[in-house]
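One file, start-v4.txt, is given below (compact mmCIF, C-alpha atoms).
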```txt
# COMPACT_ATOMS: atom_id res chain seq x y z
CA MET A 1 0.64 10.32 -20.14
CA HIS A 2 0.51 13.89 -18.85
CA HIS A 3 2.15 14.45 -15.44
CA ARG A 4 -1.01 15.95 -13.97
CA ARG A 5 -3.04 12.90 -14.90
CA ALA A 6 -0.38 10.62 -13.43
CA LEU A 7 -0.49 12.60 -10.18
CA VAL A 8 -4.27 12.19 -10.07
CA LEU A 9 -3.94 8.42 -10.58
CA VAL A 10 -1.51 8.04 -7.67
CA VAL A 11 -3.65 10.27 -5.42
CA LEU A 12 -6.69 8.10 -6.25
CA ALA A 13 -4.61 5.00 -5.49
CA ALA A 14 -3.67 6.42 -2.09
CA LEU A 15 -7.32 7.27 -1.35
CA ALA A 16 -8.33 3.71 -2.22
CA TRP A 17 -5.48 2.26 -0.14
CA GLY A 18 -6.67 4.35 2.79
CA THR A 19 -9.87 2.29 2.99
CA GLY A 20 -7.83 -0.90 3.36
CA GLY A 21 -6.96 -0.55 7.03
CA PRO A 22 -10.55 -0.04 8.19
CA THR A 23 -11.66 -2.93 5.95
CA GLY A 24 -9.03 -5.17 7.51
CA ALA A 25 -10.27 -4.19 10.97
CA LEU A 26 -13.83 -5.07 9.99
CA LEU A 27 -12.68 -8.45 8.65
CA SER A 28 -11.10 -9.22 12.00
CA THR A 29 -14.35 -8.32 13.76
CA TYR A 30 -16.94 -9.84 11.43
CA ALA A 31 -15.07 -12.71 9.77
CA GLY A 32 -12.67 -13.89 12.46
CA LEU A 33 -9.66 -13.65 10.14
CA SER A 34 -6.10 -13.20 11.30
CA PRO A 35 -4.09 -10.36 9.70
CA LEU A 36 -2.10 -12.77 7.52
CA ALA A 37 -5.24 -14.59 6.40
CA THR A 38 -6.70 -11.20 5.54
CA SER A 39 -3.60 -10.42 3.46
CA PHE A 40 -4.01 -13.70 1.57
CA TRP A 41 -7.65 -13.02 0.73
CA ARG A 42 -6.85 -9.45 -0.21
CA LEU A 43 -4.39 -10.54 -2.90
CA ALA A 44 -6.37 -13.61 -4.00
CA ALA A 45 -9.60 -11.63 -4.40
CA ALA A 46 -7.76 -8.90 -6.31
CA ALA A 47 -6.42 -11.50 -8.74
CA VAL A 48 -9.94 -12.84 -9.30
CA TRP A 49 -11.27 -9.32 -9.99
CA LEU A 50 -8.54 -8.56 -12.52
CA LEU A 51 -8.54 -11.89 -14.35
CA PRO A 52 -11.43 -11.10 -16.76
CA ALA A 53 -9.87 -7.74 -17.72
CA VAL A 54 -6.40 -9.02 -18.58
CA ARG A 55 -5.36 -10.20 -22.02
CA ARG A 56 -2.97 -13.13 -22.24
CA ARG A 57 0.59 -11.86 -22.47
CA PRO A 58 4.01 -13.38 -21.80
CA VAL A 59 4.93 -13.00 -18.13
CA GLN A 60 8.33 -11.56 -17.33
CA PRO A 61 10.17 -12.87 -14.23
CA ARG A 62 10.39 -9.35 -12.78
CA THR A 63 6.58 -9.15 -12.80
CA ALA A 64 6.32 -12.28 -10.69
CA LEU A 65 9.08 -10.95 -8.44
CA SER A 66 6.90 -7.93 -7.66
CA GLY A 67 4.43 -10.41 -6.13
CA VAL A 68 7.20 -11.59 -3.82
CA GLY A 69 7.57 -7.95 -2.79
CA LEU A 70 3.85 -7.70 -2.04
CA ALA A 71 3.97 -10.84 0.10
CA ILE A 72 7.03 -9.61 2.02
CA CYS A 73 5.35 -6.24 2.54
CA GLN A 74 2.26 -7.84 4.10
CA LEU A 75 4.12 -10.52 6.07
CA GLY A 76 6.71 -8.08 7.45
CA TYR A 77 4.15 -5.50 8.54
CA PHE A 78 1.90 -7.93 10.41
CA THR A 79 4.93 -9.64 11.98
CA ALA A 80 6.15 -6.27 13.26
CA ILE A 81 2.87 -5.09 14.83
CA PRO A 82 2.73 -7.48 17.83
CA ARG A 83 6.43 -6.85 18.52
CA VAL A 84 6.72 -3.05 18.27
CA GLY A 85 3.12 -1.80 18.07
CA VAL A 86 1.03 -0.38 15.22
CA GLY A 87 2.52 3.12 15.40
CA ILE A 88 6.18 2.17 15.19
CA ALA A 89 5.49 -0.55 12.60
CA THR A 90 3.63 1.99 10.43
CA VAL A 91 6.31 4.66 10.75
CA ILE A 92 9.11 2.25 9.78
CA ALA A 93 7.22 0.36 7.05
CA LEU A 94 5.71 3.41 5.35
CA GLY A 95 8.36 5.97 6.28
CA ALA A 96 11.41 4.00 5.18
CA ALA A 97 9.95 3.10 1.78
CA PRO A 98 10.25 6.55 0.13
CA VAL A 99 13.89 6.78 1.24
CA ILE A 100 14.71 3.26 -0.04
CA ILE A 101 12.91 3.93 -3.32
CA THR A 102 14.57 7.30 -3.87
CA ILE A 103 18.07 5.95 -3.22
CA ALA A 104 17.54 2.77 -5.27
CA ALA A 105 16.11 4.77 -8.18
CA ARG A 106 19.04 7.19 -7.95
CA GLU A 107 16.74 10.14 -7.49
CA ARG A 108 17.24 13.10 -5.19
CA LEU A 109 15.94 13.13 -1.64
CA THR A 110 13.85 16.28 -1.26
CA THR A 111 12.80 18.36 1.71
CA ALA A 112 9.25 17.18 1.05
CA THR A 113 10.31 13.56 1.58
CA PHE A 114 11.65 14.31 5.06
CA MET A 115 8.60 16.48 5.80
CA ALA A 116 6.35 13.56 4.89
CA ILE A 117 8.23 11.19 7.19
CA ALA A 118 8.07 13.74 10.03
CA GLY A 119 4.33 14.14 9.49
CA LEU A 120 3.87 10.37 9.49
CA ILE A 121 5.75 10.08 12.79
CA LEU A 122 3.52 12.72 14.39
CA LEU A 123 0.32 11.25 12.93
CA THR A 124 1.03 7.75 14.22
CA ALA A 125 2.85 8.77 17.41
CA THR A 126 2.20 6.13 20.02
CA THR A 127 3.97 4.02 22.58
CA GLY A 128 5.70 0.86 21.49
CA THR A 129 8.41 -1.53 22.49
CA ALA A 130 11.93 -1.89 21.17
CA SER A 131 12.34 -5.23 19.42
CA PHE A 132 15.06 -6.02 16.95
CA THR A 133 12.86 -8.65 15.29
CA GLY A 134 9.94 -6.21 15.04
CA ILE A 135 12.06 -3.42 13.59
CA ALA A 136 13.66 -5.82 11.12
CA ALA A 137 10.22 -7.08 10.06
CA ALA A 138 8.97 -3.53 9.52
CA LEU A 139 12.05 -2.73 7.44
CA ALA A 140 11.43 -5.90 5.44
CA SER A 141 7.90 -4.64 4.80
CA ALA A 142 9.31 -1.35 3.52
CA ALA A 143 11.77 -3.24 1.33
CA GLY A 144 8.98 -5.40 -0.11
CA TYR A 145 6.87 -2.37 -0.99
CA SER A 146 9.93 -0.65 -2.45
CA LEU A 147 10.70 -3.72 -4.55
CA THR A 148 7.27 -3.87 -6.16
CA THR A 149 7.35 -0.11 -6.79
CA LEU A 150 10.77 -0.16 -8.42
CA LEU A 151 10.05 -3.23 -10.54
CA ASN A 152 6.86 -1.75 -11.92
CA ARG A 153 8.20 1.59 -13.08
CA LYS A 154 7.37 2.24 -16.71
CA SER A 155 5.11 -0.83 -16.88
CA GLN A 156 3.36 -0.87 -20.25
CA ASP A 157 0.53 -3.11 -18.99
CA PRO A 158 -0.44 -2.23 -15.39
CA LEU A 159 -3.35 -4.70 -15.36
CA THR A 160 -1.21 -7.73 -16.22
CA THR A 161 1.55 -6.52 -13.90
CA ALA A 162 -0.91 -6.25 -11.02
CA LEU A 163 -2.56 -9.62 -11.74
CA VAL A 164 0.71 -11.55 -11.83
CA GLY A 165 1.92 -9.79 -8.69
CA PHE A 166 -1.30 -10.53 -6.78
CA THR A 167 -1.32 -14.16 -7.87
CA THR A 168 2.30 -14.70 -6.85
CA GLY A 169 1.78 -12.94 -3.52
CA ALA A 170 -1.39 -14.93 -2.78
CA LEU A 171 0.38 -18.22 -3.48
CA LEU A 172 3.16 -17.29 -1.05
CA LEU A 173 0.62 -16.34 1.65
CA ALA A 174 -1.62 -19.38 1.02
CA PRO A 175 -0.25 -21.27 4.09
CA PHE A 176 -1.86 -18.59 6.29
CA ALA A 177 -5.30 -18.84 4.63
CA GLU A 178 -8.42 -19.26 6.76
CA LEU A 179 -12.07 -19.28 5.73
CA PRO A 180 -14.21 -16.34 6.88
CA THR A 181 -16.91 -17.30 9.35
CA THR A 182 -19.74 -15.13 7.98
CA TRP A 183 -21.24 -13.97 4.68
CA THR A 184 -20.38 -10.44 5.72
CA GLY A 185 -16.76 -11.56 5.70
CA TRP A 186 -17.03 -12.67 2.07
CA LEU A 187 -18.54 -9.31 1.08
CA LEU A 188 -15.72 -7.48 2.85
CA ILE A 189 -13.15 -9.69 1.08
CA ALA A 190 -14.76 -8.83 -2.26
CA TYR A 191 -14.46 -5.12 -1.49
CA PHE A 192 -10.92 -5.47 -0.12
CA GLY A 193 -9.82 -7.23 -3.28
CA LEU A 194 -11.51 -4.75 -5.61
CA VAL A 195 -10.96 -1.21 -4.30
CA PRO A 196 -7.93 -1.03 -1.95
CA THR A 197 -6.04 -3.67 -3.94
CA ALA A 198 -6.95 -4.33 -7.61
CA LEU A 199 -8.01 -0.76 -8.34
CA ALA A 200 -5.43 0.95 -6.13
CA TYR A 201 -2.36 -0.94 -7.37
CA THR A 202 -3.42 -0.70 -11.02
CA LEU A 203 -3.80 3.07 -10.68
CA PHE A 204 -0.46 3.28 -8.85
CA TYR A 205 1.39 1.25 -11.49
CA ALA A 206 -0.20 3.36 -14.23
CA GLY A 207 0.99 6.55 -12.51
CA LEU A 208 4.50 5.11 -12.19
CA ARG A 209 4.75 5.08 -15.98
CA THR A 210 5.14 8.86 -15.87
CA LEU A 211 6.03 9.96 -12.33
CA LYS A 212 9.35 9.55 -10.60
CA ALA A 213 9.24 6.60 -8.21
CA SER A 214 10.19 8.87 -5.29
CA THR A 215 7.30 11.25 -6.03
CA ALA A 216 4.77 8.40 -6.26
CA ALA A 217 6.04 6.96 -2.96
CA VAL A 218 5.60 10.27 -1.12
CA ILE A 219 2.12 10.90 -2.54
CA ALA A 220 1.12 7.38 -1.52
CA LEU A 221 1.67 8.46 2.10
CA LEU A 222 -1.80 10.01 1.86
CA GLU A 223 -2.98 6.50 2.75
CA PRO A 224 -2.65 6.85 6.57
CA VAL A 225 -4.32 10.27 6.43
CA VAL A 226 -7.34 8.76 4.67
CA ALA A 227 -7.41 5.80 7.08
CA THR A 228 -7.31 8.22 10.03
CA ALA A 229 -10.18 10.27 8.58
CA ILE A 230 -12.26 7.11 8.17
CA GLY A 231 -11.44 6.14 11.74
CA ILE A 232 -12.81 9.46 12.95
CA ALA A 233 -15.93 9.40 10.78
CA ALA A 234 -16.89 5.73 11.01
CA PHE A 235 -15.33 4.45 14.22
CA HIS A 236 -15.55 7.62 16.36
CA GLU A 237 -11.82 7.72 16.96
CA HIS A 238 -10.23 10.90 18.29
CA LEU A 239 -7.03 12.63 17.18
CA THR A 240 -4.57 14.32 19.50
CA PRO A 241 -3.29 17.80 18.59
CA LEU A 242 0.02 16.11 17.74
CA ALA A 243 -1.68 13.78 15.27
CA ILE A 244 -3.59 16.66 13.68
CA THR A 245 -0.31 18.51 13.24
CA GLY A 246 1.23 15.41 11.69
CA ALA A 247 -1.64 15.07 9.21
CA ALA A 248 -1.26 18.72 8.19
CA VAL A 249 2.51 18.39 7.73
CA LEU A 250 2.04 15.22 5.70
CA LEU A 251 -0.52 16.87 3.42
CA LEU A 252 1.77 19.86 2.87
CA ALA A 253 4.64 17.51 2.06
CA VAL A 254 2.56 15.68 -0.55
CA ILE A 255 1.60 18.99 -2.19
CA ALA A 256 5.21 20.15 -2.16
CA GLN A 257 6.46 16.88 -3.67
CA ALA A 258 3.80 16.98 -6.40
CA ARG A 259 4.84 20.50 -7.34
CA HIS A 260 8.51 19.54 -7.27
CA ASN A 261 7.86 16.73 -9.77
```
Represent the structure contained in this file as structure tokens.
Amino acid sequence: MHHRRALVLVVLAALAWGTGGPTGALLSTYAGLSPLATSFWRLAAAAVWLLPAVRRRPVQPRTALSGVGLAICQLGYFTAIPRVGVGIATVIALGAAPVIITIAARERLTTATFMAIAGLILLTATTGTASFTGIAAALASAAGYSLTTLLNRKSQDPLTTALVGFTTGALLLAPFAELPTTWTGWLLIAYFGLVPTALAYTLFYAGLRTLKASTAAVIALLEPVVATAIGIAAFHEHLTPLAITGAAVLLLAVIAQARHN
């Protein structure tokens, strides 16, 4: 695959991921689901969407292990939020991942990586509380995301990889499952499973076949920028000058990292 096409795939994945946060918020409002129940339905619905498109192939243990990473990512993030706040949880969970991935993949930390983390900090700057448990949970979330990214480098079958990962993750999160209270909730679950999950992760894994893991991880940080833009357009949220600066720095970092690759 050509590098430019791989970059496009990961950018599209990040754009799709960016719709996930707003969708999760809507599920809380219109379906009465807890964050962990939402995570279960996200992965379960994604598995259902992918099942018809996947041919039967032998499953490697590392593919199932990536599902463990997905479950840890979701569980750690939503455990951290009530303890340290959304901003700090997001900075640690998303910001630590590119560093973990780069070091574990034995790739070089670039200036763009640190720029991206700085932009993320500014974009999500908020008050929070210091909690060892919350920080540890957010780091666990970063580790889970890093695990699934590293295990799925060079995957020759992104669809099967994604399906097995979603199925494993959903099984691990099944104890937190709750039924949505409205038909609107079911429609939102269908969208959540299709676009920000099945489509996004398949595109991401496909891009990882060509791109360095560190580059893909930095480009994926477009996700909070997209989520912020949706918040402004659809939920009438307002950005501070600091957050606007952070978004600009983050976008510049993504461009710089893409060019570096």
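In this model, the gap between atom CA of A:Leu203 and atom CA of A:Glu107 comes to 22.0 Å.
Using all atoms listed in the file for every distance, the candidate list A:Leu9, A:Ala16, A:Ala25, A:Ile121 yields A:Ala25 as the residue closest to A:Leu188.
Considering all atoms listed in the file, the residue among A:Thr110, A:Ser39, A:Thr197, A:Thr102 positioned nearest to A:Ala71 is A:Ser39.
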With a distance cut-off of 9 Å and all atoms listed in the file, select the neighbouring residues of A:Ala227, excluding the residue or stretch itself and same-chain residues fewer than 2 positions from it, and output the selection as a PyMOL selection string. chain A and resi 15+17-22+222-225+229-232
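The interatomic distance for the pair atom CA of A:Val8 and atom CA of A:Val254 works out to 12.2 Å.
Residue nearest A:Ile255 within the list A:Ala220, A:Ala233, A:Ala136, A:Leu173: A:Ala220 [criterion: smallest interatomic distance, all atoms listed in the file].
Counting all atoms listed in the file, the residue from A:Thr90, A:Thr168, A:Gln156, A:Thr111 that sits nearest to A:Gly134 is A:Thr90.
With all atoms listed in the file as the atoms that count, the residue of A:Ile92, A:Ala44, A:Ile135, A:Ile100 with the shortest distance to A:Thr79 is A:Ile135.
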Handout entry: Residues within 12 Å of A:Ile103, all atoms listed in the file, excluding chain neighbours under 2 positions, as an MDAnalysis selection string
Key = chainID A and resid 96:101 105:110 113 146 150 212:214
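Shell of A:Ala116 at 8 Å, with all atoms listed in the file counted and residues fewer than 3 places along the chain excluded, is Gly95, Ala112, Thr113, Gly119, Leu120, Val218, Leu221, Val249, Leu250, Leu251, Ala253 and Val254 of chain A.
Nearest-residue note for A:Leu123: choosing from A:Leu27, A:Leu151, A:Leu239, A:Ala53, the minimum distance belongs to A:Leu239, counting only C-alpha atoms.
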Pairwise distance, atom CA of A:Ala37 with atom CA of A:Thr202, equals 22.4 Å
Which centre and edge lengths in Å to one decimal define the box along x, y and z that fits every listed atom of stretch 224-232 of chain A plus 4 Å per side, as lines of an AutoDock Vina configuration file?
```
center_x = -7.7
center_y = 8.0
center_z = 8.8
size_x = 18.2
size_y = 12.5
size_z = 16.3
```
For A:Thr210, find every residue with an atom within 12 Å (counting all atoms listed in the file), except residues of its own chain fewer than 6 positions away, and show them as a ChimeraX atom specification.
/A:1-10,152-156,203-204,216,261
Residue selection dump (C-alpha atoms) as a PDB file, in the frame of the given file:
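The resulting file, again_19.pdb, is shown below:
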```pdb
ATOM      1  CA  MET A   1       0.640  10.320 -20.140  1.00  0.00           C
ATOM      2  CA  HIS A   2       0.510  13.890 -18.850  1.00  0.00           C
ATOM      3  CA  HIS A   3       2.150  14.450 -15.440  1.00  0.00           C
ATOM      4  CA  ARG A   4      -1.010  15.950 -13.970  1.00  0.00           C
ATOM      5  CA  ARG A   5      -3.040  12.900 -14.900  1.00  0.00           C
ATOM      6  CA  ALA A   6      -0.380  10.620 -13.430  1.00  0.00           C
ATOM      7  CA  LEU A   7      -0.490  12.600 -10.180  1.00  0.00           C
ATOM      8  CA  VAL A   8      -4.270  12.190 -10.070  1.00  0.00           C
ATOM      9  CA  LEU A   9      -3.940   8.420 -10.580  1.00  0.00           C
ATOM     10  CA  VAL A  10      -1.510   8.040  -7.670  1.00  0.00           C
ATOM     11  CA  ASN A 152       6.860  -1.750 -11.920  1.00  0.00           C
ATOM     12  CA  ARG A 153       8.200   1.590 -13.080  1.00  0.00           C
ATOM     13  CA  LYS A 154       7.370   2.240 -16.710  1.00  0.00           C
ATOM     14  CA  SER A 155       5.110  -0.830 -16.880  1.00  0.00           C
ATOM     15  CA  GLN A 156       3.360  -0.870 -20.250  1.00  0.00           C
ATOM     16  CA  LEU A 203      -3.800   3.070 -10.680  1.00  0.00           C
ATOM     17  CA  PHE A 204      -0.460   3.280  -8.850  1.00  0.00           C
ATOM     18  CA  ALA A 216       4.770   8.400  -6.260  1.00  0.00           C
ATOM     19  CA  ASN A 261       7.860  16.730  -9.770  1.00  0.00           C
TER      20      ASN A 261
END
```
Practice task
For the point (3.1, 16.5, 15.7) in the file's frame, write as a ChimeraX atom specification all residues with an atom no more than 8 Å away, counting only C-alpha atoms.
Solution key: /A:119,121-123,125,241-246
Exercise. May I have the protein, DNA and RNA residues with an atom at most 12 Å from (8.0, -14.0, -14.1), counting only C-alpha atoms in the file's coordinates, returned as a PyMOL selection string?
Key: chain A and resi 57-68+151+160-161+163-165+167-168
Reconstruct N, CA and C atoms of stretch 151-173 of chain A; output as a compact mmCIF listing (two decimals), in the coordinates of the input.
```txt
# COMPACT_ATOMS: atom_id res chain seq x y z
N LEU A 151 10.16 -2.30 -9.43
CA LEU A 151 10.05 -3.23 -10.54
C LEU A 151 8.96 -2.84 -11.53
N ASN A 152 7.99 -2.07 -11.06
CA ASN A 152 6.86 -1.75 -11.92
C ASN A 152 6.90 -0.34 -12.48
N ARG A 153 8.05 0.30 -12.38
CA ARG A 153 8.20 1.59 -13.08
C ARG A 153 8.11 1.36 -14.58
N LYS A 154 7.46 2.27 -15.25
CA LYS A 154 7.37 2.24 -16.71
C LYS A 154 6.66 0.98 -17.23
N SER A 155 5.84 0.35 -16.42
CA SER A 155 5.11 -0.83 -16.88
C SER A 155 4.16 -0.44 -18.00
N GLN A 156 4.21 -1.17 -19.10
CA GLN A 156 3.36 -0.87 -20.25
C GLN A 156 1.98 -1.53 -20.13
N ASP A 157 1.82 -2.42 -19.17
CA ASP A 157 0.53 -3.11 -18.99
C ASP A 157 0.25 -3.26 -17.49
N PRO A 158 -0.22 -2.19 -16.84
CA PRO A 158 -0.44 -2.23 -15.39
C PRO A 158 -1.39 -3.33 -14.93
N LEU A 159 -2.40 -3.67 -15.75
CA LEU A 159 -3.35 -4.70 -15.36
C LEU A 159 -2.68 -6.07 -15.24
N THR A 160 -1.90 -6.44 -16.26
CA THR A 160 -1.21 -7.73 -16.22
C THR A 160 -0.16 -7.74 -15.11
N THR A 161 0.54 -6.63 -14.96
CA THR A 161 1.55 -6.52 -13.90
C THR A 161 0.91 -6.76 -12.54
N ALA A 162 -0.23 -6.11 -12.30
CA ALA A 162 -0.91 -6.25 -11.02
C ALA A 162 -1.42 -7.68 -10.82
N LEU A 163 -2.01 -8.26 -11.85
CA LEU A 163 -2.56 -9.62 -11.74
C LEU A 163 -1.48 -10.63 -11.39
N VAL A 164 -0.36 -10.59 -12.10
CA VAL A 164 0.71 -11.55 -11.83
C VAL A 164 1.27 -11.34 -10.43
N GLY A 165 1.42 -10.08 -10.03
CA GLY A 165 1.92 -9.79 -8.69
C GLY A 165 0.98 -10.30 -7.61
N PHE A 166 -0.33 -10.07 -7.77
CA PHE A 166 -1.30 -10.53 -6.78
C PHE A 166 -1.32 -12.05 -6.69
N THR A 167 -1.28 -12.71 -7.85
CA THR A 167 -1.32 -14.16 -7.87
C THR A 167 -0.10 -14.76 -7.18
N THR A 168 1.07 -14.21 -7.48
CA THR A 168 2.30 -14.70 -6.85
C THR A 168 2.26 -14.47 -5.34
N GLY A 169 1.85 -13.26 -4.94
CA GLY A 169 1.78 -12.94 -3.52
C GLY A 169 0.78 -13.82 -2.79
N ALA A 170 -0.38 -14.07 -3.40
CA ALA A 170 -1.39 -14.93 -2.78
C ALA A 170 -0.88 -16.35 -2.60
N LEU A 171 -0.17 -16.87 -3.59
CA LEU A 171 0.38 -18.22 -3.48
C LEU A 171 1.37 -18.32 -2.33
N LEU A 172 2.18 -17.28 -2.14
CA LEU A 172 3.16 -17.29 -1.05
C LEU A 172 2.49 -17.19 0.32
N LEU A 173 1.33 -16.51 0.38
CA LEU A 173 0.62 -16.34 1.65
C LEU A 173 -0.43 -17.42 1.88
```
